[in-house]
There are 2 protein chains.
Amino acid sequence: MAEESQGELKPIGVVARETGLTPRAIRYYEEMGLLRPAVRVKGADRLFDASDIQRLHEIKRLREVIGFSLAEIRELLETDDLRAQLRDQFARTSDPMDRIRALRQAIDLAERRLAIISRKLAQIETIRVEEQARLARLQALLAHELDRQPDPSGSSAAVSAPSSTTTGRS
Amino acid sequence: MAEESQGELKPIGVVARETGLTPRAIRYYEEMGLLRPAVRVKGADRLFDASDIQRLHEIKRLREVIGFSLAEIRELLETDDLRAQLRDQFARTSDPMDRIRALRQAIDLAERRLAIISRKLAQIETIRVEEQARLARLQALLAHELDRQPDPSGSSAAVSAPSSTTTGRS
DNA sequence: GACAAACTTGACGTGCACGTCAAATTCGAG
DNA sequence: CTCGAATTTGACGTGCACGTCAAGTTTGTC
């Protein structure tokens with residue numbers, strides 16, 4: 001079996017630069033079970049493939065953006081693992097019934113993940129709405145003030161338009 | 001001297017139970033400058049009023065829901081402080097120009113807060129969309145599978161996703 | 001095969017956000 | 001005033017998520 005450059009296996013330093021993580025963090029994630037023990041072809045020296053890197057990007061986002069703990073992320077990614085496992089099973093089996101059952105399980109897991117994310121999203125949305133209400137109150141006050149005391153010096157400011165930082169709706 | 005039910009100053013234990021925080025955490029927040037040094041009427045013993053409790057609730061939410069660090073929260077709340085200060089100034093001054101300037105500053109601060117929250121929200125929304133896409137792919141696969149092998153048993157899910165019927169992996 | 005750069009496994013250190021324990025006040029009821 | 005419960009100020013401990021340093025191993029290059 002000739003060992004050509006197939007799946008693009010990269011050492012930890014390269015992966016670290018690519019993902020913006022540190023080698024230490026990557027090893028730590030593996031140690032904590034967030035990453036499947038990386039390939040170790042001959043001796044030591046971990047080698048990572050594209051799916052590993054993909055996963056690391058995911059981990060990073062879940063931590064930095066949402067602020068999940070590694071434990072929470074592991075839970076979320078366990079569904080990932082199961083999904084991969086199911087896909088594997090899915091590919092191997094010729095029995096359509098098995099394929100369907102596997103798919104149903106995968107869907108169930110994906111739905112749970114989505115539910116967790118959606119809940120977070122809703123909570124933050126609530127906060128955003130409150131902040132926006134505050135802002136609106138202040139703007140109303142300003143409008144009222146400007147109304148009773150029209151600015152004599154020619155500079156006029158548009159008050160009616162809130163800043164264009166309105167994002168996302170459910 | 002009757003105890004007017006107006007001030008309502010509460011000791012730290014009560015406040016802790018009310019907010020779901022611990023006394024230690026509350027003292028820590030004060031120490032870290034997230035909370036204005038609480039009232040200490042005669043000797044020691046902090047006493048908190050409604051606005052303090054409100055603020056503690058806010059801090060708790062920003063930490064638990066969004067996952068901001070105390071440093072980030074302090075930044076957000078500094079705008080709060082300034083807002084209060086401006087409001088104070090606002091009430092005191094009789095000069096409409098000063099009032100308008102104060103309001104404009106307050107609005108600026110509120111907009112910055114809103115922008116920060118909105119950014120977080122958008123990032124999480126992105127993640128949610130991706131999760132939803134994954135789910136949809138799986139559901140499409142299931143539909144396809146059910147289509148070619150109609151299942152005699154159980155429930156059926158109404159799924160419609162116009163994905164290419166190629167069973168290729170991501 | 002030699003050698004520097006990268007990687008390995010420990011093991012200990014660090015910053016954050018508190019938890020926990022101790023000893024000394026302070027508060028509220030009697 | 002007395003006593004117990006609550007609170008105060010240290011000071012040290014803890015769990016998480018790594019950082020950092022050391023000593024040895026592996027890898028790519030000449």
# chains A, B, ... in the order shown; residues from 1 in each chain; ligands from 1
$ calpha_fit_and_write --fixed "chain A" --moving "chain B" --output "mmCIF file with C-alpha atoms, in the first residue's frame"
data_model
loop_
_atom_site.group_PDB
_atom_site.id
_atom_site.type_symbol
_atom_site.label_atom_id
_atom_site.label_comp_id
_atom_site.auth_asym_id
_atom_site.auth_seq_id
_atom_site.Cartn_x
_atom_site.Cartn_y
_atom_site.Cartn_z
ATOM 1 C CA MET B 1 6.030 4.087 -1.604
ATOM 2 C CA ALA B 2 5.069 7.567 -2.563
ATOM 3 C CA GLU B 3 3.392 9.870 -0.144
ATOM 4 C CA GLU B 4 -0.097 9.885 -1.527
ATOM 5 C CA SER B 5 -1.595 13.311 -1.032
ATOM 6 C CA GLN B 6 -4.631 11.627 0.405
ATOM 7 C CA GLY B 7 -4.201 10.969 4.113
ATOM 8 C CA GLU B 8 -2.425 14.215 4.992
ATOM 9 C CA LEU B 9 -1.541 13.551 8.571
ATOM 10 C CA LYS B 10 -0.217 16.613 10.350
ATOM 11 C CA PRO B 11 1.751 16.935 13.565
ATOM 12 C CA ILE B 12 0.417 18.912 16.439
ATOM 13 C CA GLY B 13 2.404 22.067 15.778
ATOM 14 C CA VAL B 14 1.031 22.470 12.301
ATOM 15 C CA VAL B 15 -2.477 21.777 13.477
ATOM 16 C CA ALA B 16 -2.053 24.304 16.252
ATOM 17 C CA ARG B 17 -1.054 27.030 13.813
ATOM 18 C CA GLU B 18 -3.862 26.077 11.478
ATOM 19 C CA THR B 19 -6.542 26.180 14.110
ATOM 20 C CA GLY B 20 -5.226 29.030 16.197
ATOM 21 C CA LEU B 21 -5.085 26.788 19.218
ATOM 22 C CA THR B 22 -2.028 25.812 21.209
ATOM 23 C CA PRO B 23 -0.546 22.308 21.344
ATOM 24 C CA ARG B 24 -1.335 22.293 25.019
ATOM 25 C CA ALA B 25 -4.982 23.029 24.401
ATOM 26 C CA ILE B 26 -5.217 20.329 21.766
ATOM 27 C CA ARG B 27 -3.708 17.720 24.046
ATOM 28 C CA TYR B 28 -6.015 18.905 26.768
ATOM 29 C CA TYR B 29 -9.034 18.446 24.550
ATOM 30 C CA GLU B 30 -7.950 14.920 23.777
ATOM 31 C CA GLU B 31 -7.380 14.272 27.452
ATOM 32 C CA MET B 32 -10.839 15.589 28.237
ATOM 33 C CA GLY B 33 -12.381 13.359 25.631
ATOM 34 C CA LEU B 34 -13.391 16.016 23.150
ATOM 35 C CA LEU B 35 -11.137 14.593 20.514
ATOM 36 C CA ARG B 36 -10.689 10.977 19.627
ATOM 37 C CA PRO B 37 -7.192 9.861 20.640
ATOM 38 C CA ALA B 38 -5.167 10.948 17.654
ATOM 39 C CA VAL B 39 -3.343 8.549 15.412
ATOM 40 C CA ARG B 40 0.048 7.514 16.763
ATOM 41 C CA VAL B 41 1.571 5.624 13.850
ATOM 42 C CA LYS B 42 4.709 4.102 15.277
ATOM 43 C CA GLY B 43 5.797 5.478 18.592
ATOM 44 C CA ALA B 44 4.420 8.560 20.138
ATOM 45 C CA ASP B 45 3.745 11.792 18.234
ATOM 46 C CA ARG B 46 0.136 12.487 17.460
ATOM 47 C CA LEU B 47 -0.912 12.915 13.875
ATOM 48 C CA PHE B 48 -4.136 14.599 12.915
ATOM 49 C CA ASP B 49 -6.212 14.291 9.792
ATOM 50 C CA ALA B 50 -8.644 16.715 8.195
ATOM 51 C CA SER B 51 -11.593 15.591 10.289
ATOM 52 C CA ASP B 52 -9.633 16.206 13.464
ATOM 53 C CA ILE B 53 -8.819 19.708 12.326
ATOM 54 C CA GLN B 54 -12.419 20.285 11.391
ATOM 55 C CA ARG B 55 -13.447 19.201 14.834
ATOM 56 C CA LEU B 56 -10.920 21.454 16.493
ATOM 57 C CA HIS B 57 -12.256 24.381 14.544
ATOM 58 C CA GLU B 58 -15.711 23.501 15.744
ATOM 59 C CA ILE B 59 -14.577 23.270 19.329
ATOM 60 C CA LYS B 60 -12.881 26.626 19.075
ATOM 61 C CA ARG B 61 -15.961 28.288 17.707
ATOM 62 C CA LEU B 62 -18.276 26.788 20.267
ATOM 63 C CA ARG B 63 -15.997 28.026 23.015
ATOM 64 C CA GLU B 64 -15.106 31.463 21.735
ATOM 65 C CA VAL B 65 -18.330 32.459 20.082
ATOM 66 C CA ILE B 66 -20.981 30.845 22.206
ATOM 67 C CA GLY B 67 -18.912 30.409 25.311
ATOM 68 C CA PHE B 68 -19.823 26.806 25.991
ATOM 69 C CA SER B 69 -17.759 24.940 28.547
ATOM 70 C CA LEU B 70 -15.738 21.966 27.418
ATOM 71 C CA ALA B 71 -18.254 19.721 29.130
ATOM 72 C CA GLU B 72 -21.087 21.205 27.110
ATOM 73 C CA ILE B 73 -19.062 20.959 23.946
ATOM 74 C CA ARG B 74 -18.302 17.352 24.646
ATOM 75 C CA GLU B 75 -21.983 16.677 24.915
ATOM 76 C CA LEU B 76 -22.633 18.359 21.626
ATOM 77 C CA LEU B 77 -19.809 16.489 19.965
ATOM 78 C CA GLU B 78 -20.850 13.174 21.370
ATOM 79 C CA THR B 79 -23.800 13.485 19.086
ATOM 80 C CA ASP B 80 -21.235 14.025 16.366
ATOM 81 C CA ASP B 81 -19.488 10.827 17.248
ATOM 82 C CA LEU B 82 -22.717 8.954 17.260
ATOM 83 C CA ARG B 83 -23.538 10.451 13.941
ATOM 84 C CA ALA B 84 -20.263 9.239 12.491
ATOM 85 C CA GLN B 85 -20.851 5.857 14.012
ATOM 86 C CA LEU B 86 -24.316 5.742 12.576
ATOM 87 C CA ARG B 87 -23.027 6.764 9.210
ATOM 88 C CA ASP B 88 -20.545 3.952 9.391
ATOM 89 C CA GLN B 89 -23.268 1.509 10.266
ATOM 90 C CA PHE B 90 -25.363 3.094 7.598
ATOM 91 C CA ALA B 91 -22.767 2.422 4.959
ATOM 92 C CA ARG B 92 -22.109 -1.123 6.046
ATOM 93 C CA THR B 93 -25.605 -2.407 6.414
ATOM 94 C CA SER B 94 -27.608 -3.489 3.489
ATOM 95 C CA ASP B 95 -30.820 -3.689 5.395
ATOM 96 C CA PRO B 96 -32.897 -0.639 4.521
ATOM 97 C CA MET B 97 -34.711 -0.842 7.821
ATOM 98 C CA ASP B 98 -31.454 -0.493 9.690
ATOM 99 C CA ARG B 99 -30.505 2.415 7.508
ATOM 100 C CA ILE B 100 -33.758 4.142 8.285
ATOM 101 C CA ARG B 101 -33.461 3.566 11.979
ATOM 102 C CA ALA B 102 -29.925 4.905 11.954
ATOM 103 C CA LEU B 103 -31.015 7.985 10.077
ATOM 104 C CA ARG B 104 -33.857 8.618 12.456
ATOM 105 C CA GLN B 105 -31.465 8.504 15.373
ATOM 106 C CA ALA B 106 -29.053 10.841 13.656
ATOM 107 C CA ILE B 107 -31.857 13.275 12.938
ATOM 108 C CA ASP B 108 -32.948 13.171 16.521
ATOM 109 C CA LEU B 109 -29.457 14.073 17.644
ATOM 110 C CA ALA B 110 -29.132 16.851 15.116
ATOM 111 C CA GLU B 111 -32.424 18.291 16.287
ATOM 112 C CA ARG B 112 -31.279 18.327 19.851
ATOM 113 C CA ARG B 113 -28.117 20.178 18.878
ATOM 114 C CA LEU B 114 -30.093 22.664 16.894
ATOM 115 C CA ALA B 115 -32.458 23.189 19.800
ATOM 116 C CA ILE B 116 -29.607 24.022 22.141
ATOM 117 C CA ILE B 117 -28.126 26.525 19.738
ATOM 118 C CA SER B 118 -31.503 28.029 19.007
ATOM 119 C CA ARG B 119 -32.214 28.517 22.669
ATOM 120 C CA LYS B 120 -29.008 30.439 23.148
ATOM 121 C CA LEU B 121 -29.801 32.461 20.109
ATOM 122 C CA ALA B 122 -33.257 33.340 21.383
ATOM 123 C CA GLN B 123 -31.910 34.451 24.730
ATOM 124 C CA ILE B 124 -29.397 36.747 23.154
ATOM 125 C CA GLU B 125 -31.999 38.022 20.764
ATOM 126 C CA THR B 126 -34.076 39.019 23.768
ATOM 127 C CA ILE B 127 -31.200 41.016 25.125
ATOM 128 C CA ARG B 128 -30.657 42.635 21.783
ATOM 129 C CA VAL B 129 -34.263 43.703 21.566
ATOM 130 C CA GLU B 130 -34.030 45.328 24.946
ATOM 131 C CA GLU B 131 -30.879 47.162 24.009
ATOM 132 C CA GLN B 132 -32.539 48.370 20.889
ATOM 133 C CA ALA B 133 -35.499 49.622 22.854
ATOM 134 C CA ARG B 134 -33.190 51.605 25.087
ATOM 135 C CA LEU B 135 -31.537 53.135 22.115
ATOM 136 C CA ALA B 136 -34.870 54.016 20.625
ATOM 137 C CA ARG B 137 -35.949 55.749 23.820
ATOM 138 C CA LEU B 138 -32.841 57.871 23.804
ATOM 139 C CA GLN B 139 -33.299 58.706 20.170
ATOM 140 C CA ALA B 140 -36.858 59.714 20.818
ATOM 141 C CA LEU B 141 -35.716 61.982 23.596
ATOM 142 C CA LEU B 142 -33.174 63.560 21.330
ATOM 143 C CA ALA B 143 -35.745 64.088 18.641
ATOM 144 C CA HIS B 144 -38.029 65.738 21.122
ATOM 145 C CA GLU B 145 -35.245 67.952 22.335
ATOM 146 C CA LEU B 146 -34.213 68.901 18.834
ATOM 147 C CA ASP B 147 -37.787 69.635 18.037
ATOM 148 C CA ARG B 148 -38.238 72.263 20.707
ATOM 149 C CA GLN B 149 -34.760 73.662 20.189
ATOM 150 C CA PRO B 150 -33.771 73.395 16.562
ATOM 151 C CA ASP B 151 -30.051 72.997 16.377
ATOM 152 C CA PRO B 152 -28.357 75.284 13.887
ATOM 153 C CA SER B 153 -25.144 73.277 13.634
ATOM 154 C CA GLY B 154 -24.192 69.897 12.352
ATOM 155 C CA SER B 155 -25.852 66.716 11.268
ATOM 156 C CA SER B 156 -29.365 65.673 11.874
ATOM 157 C CA ALA B 157 -30.588 62.203 12.568
ATOM 158 C CA ALA B 158 -33.790 60.931 11.129
ATOM 159 C CA VAL B 159 -35.505 59.479 14.115
ATOM 160 C CA SER B 160 -39.050 58.436 14.513
ATOM 161 C CA ALA B 161 -40.295 56.823 17.643
ATOM 162 C CA PRO B 162 -43.866 57.146 18.872
ATOM 163 C CA SER B 163 -43.086 57.247 22.569
ATOM 164 C CA SER B 164 -45.055 59.244 25.042
ATOM 165 C CA THR B 165 -43.638 62.720 25.385
ATOM 166 C CA THR B 166 -43.386 62.449 29.109
ATOM 167 C CA THR B 167 -39.856 62.989 30.291
ATOM 168 C CA GLY B 168 -40.372 60.566 33.109
ATOM 169 C CA ARG B 169 -37.607 58.183 34.025
ATOM 170 C CA SER B 170 -37.810 54.462 33.492
#
$ select_by_dssp --residues "stretch 13-156 of chain A" --states "alpha helix (DSSP H)" --output "PyMOL selection string"
chain A and resi 13-19+23-31+50-61+70-92+96-148
$ closest_atom_pairs --of "chain C" --to "chain B" --cutoff "10 Å" --atoms "only C-alpha atoms (C1' of nucleotides)" --output "tab-separated table"
residue	atom	partner	partner_atom	distance
C:DC16	C1'	B:Ser69	CA	8.6
C:DA17	C1'	B:Ala25	CA	8.1
C:DC18	C1'	B:Ala25	CA	6.3
C:DG19	C1'	B:Arg24	CA	8.1
C:DT25	C1'	B:Ala44	CA	8.2
C:DT26	C1'	B:Ala44	CA	7.2
C:DC27	C1'	B:Asp45	CA	9.0
$ write_last_selection --atoms "C-alpha atoms (C1' of nucleotides)" --output "CSV table (one decimal), in the first residue's frame"
chain,number,residue,atom,x,y,z
C,16,DC,C1',-10.7,34.4,37.1
C,17,DA,C1',-14.6,33.9,40.1
C,18,DC,C1',-15.7,32.8,43.7
C,19,DG,C1',-15.8,28.9,48.2
C,25,DT,C1',-17.5,43.0,65.1
C,26,DT,C1',-22.5,44.2,64.7
C,27,DC,C1',-27.5,43.5,65.0
$ atom_distance --atom1 "atom C1' of C:DT20" --atom2 "atom C1' of D:DA6"
16.8 Å
$ residues_around --residues "C:DA4" --least-positions-apart "3" --cutoff "12 Å" --atoms "only C-alpha atoms (C1' of nucleotides)" --output "list in words"
DT27, DG28, DT29 and DC30 of chain D
$ interface_residues --of "chain D" --to "chain A" --cutoff "10 Å" --atoms "only C-alpha atoms (C1' of nucleotides)" --output "ChimeraX atom specification"
/D:16-19,25-27
$ atom_distance --atom1 "atom C1' of C:DG13" --atom2 "atom C1' of D:DG13"
15.4 Å
$ atom_distance --atom1 "atom C1' of C:DA5" --atom2 "atom C1' of D:DA22"
16.9 Å
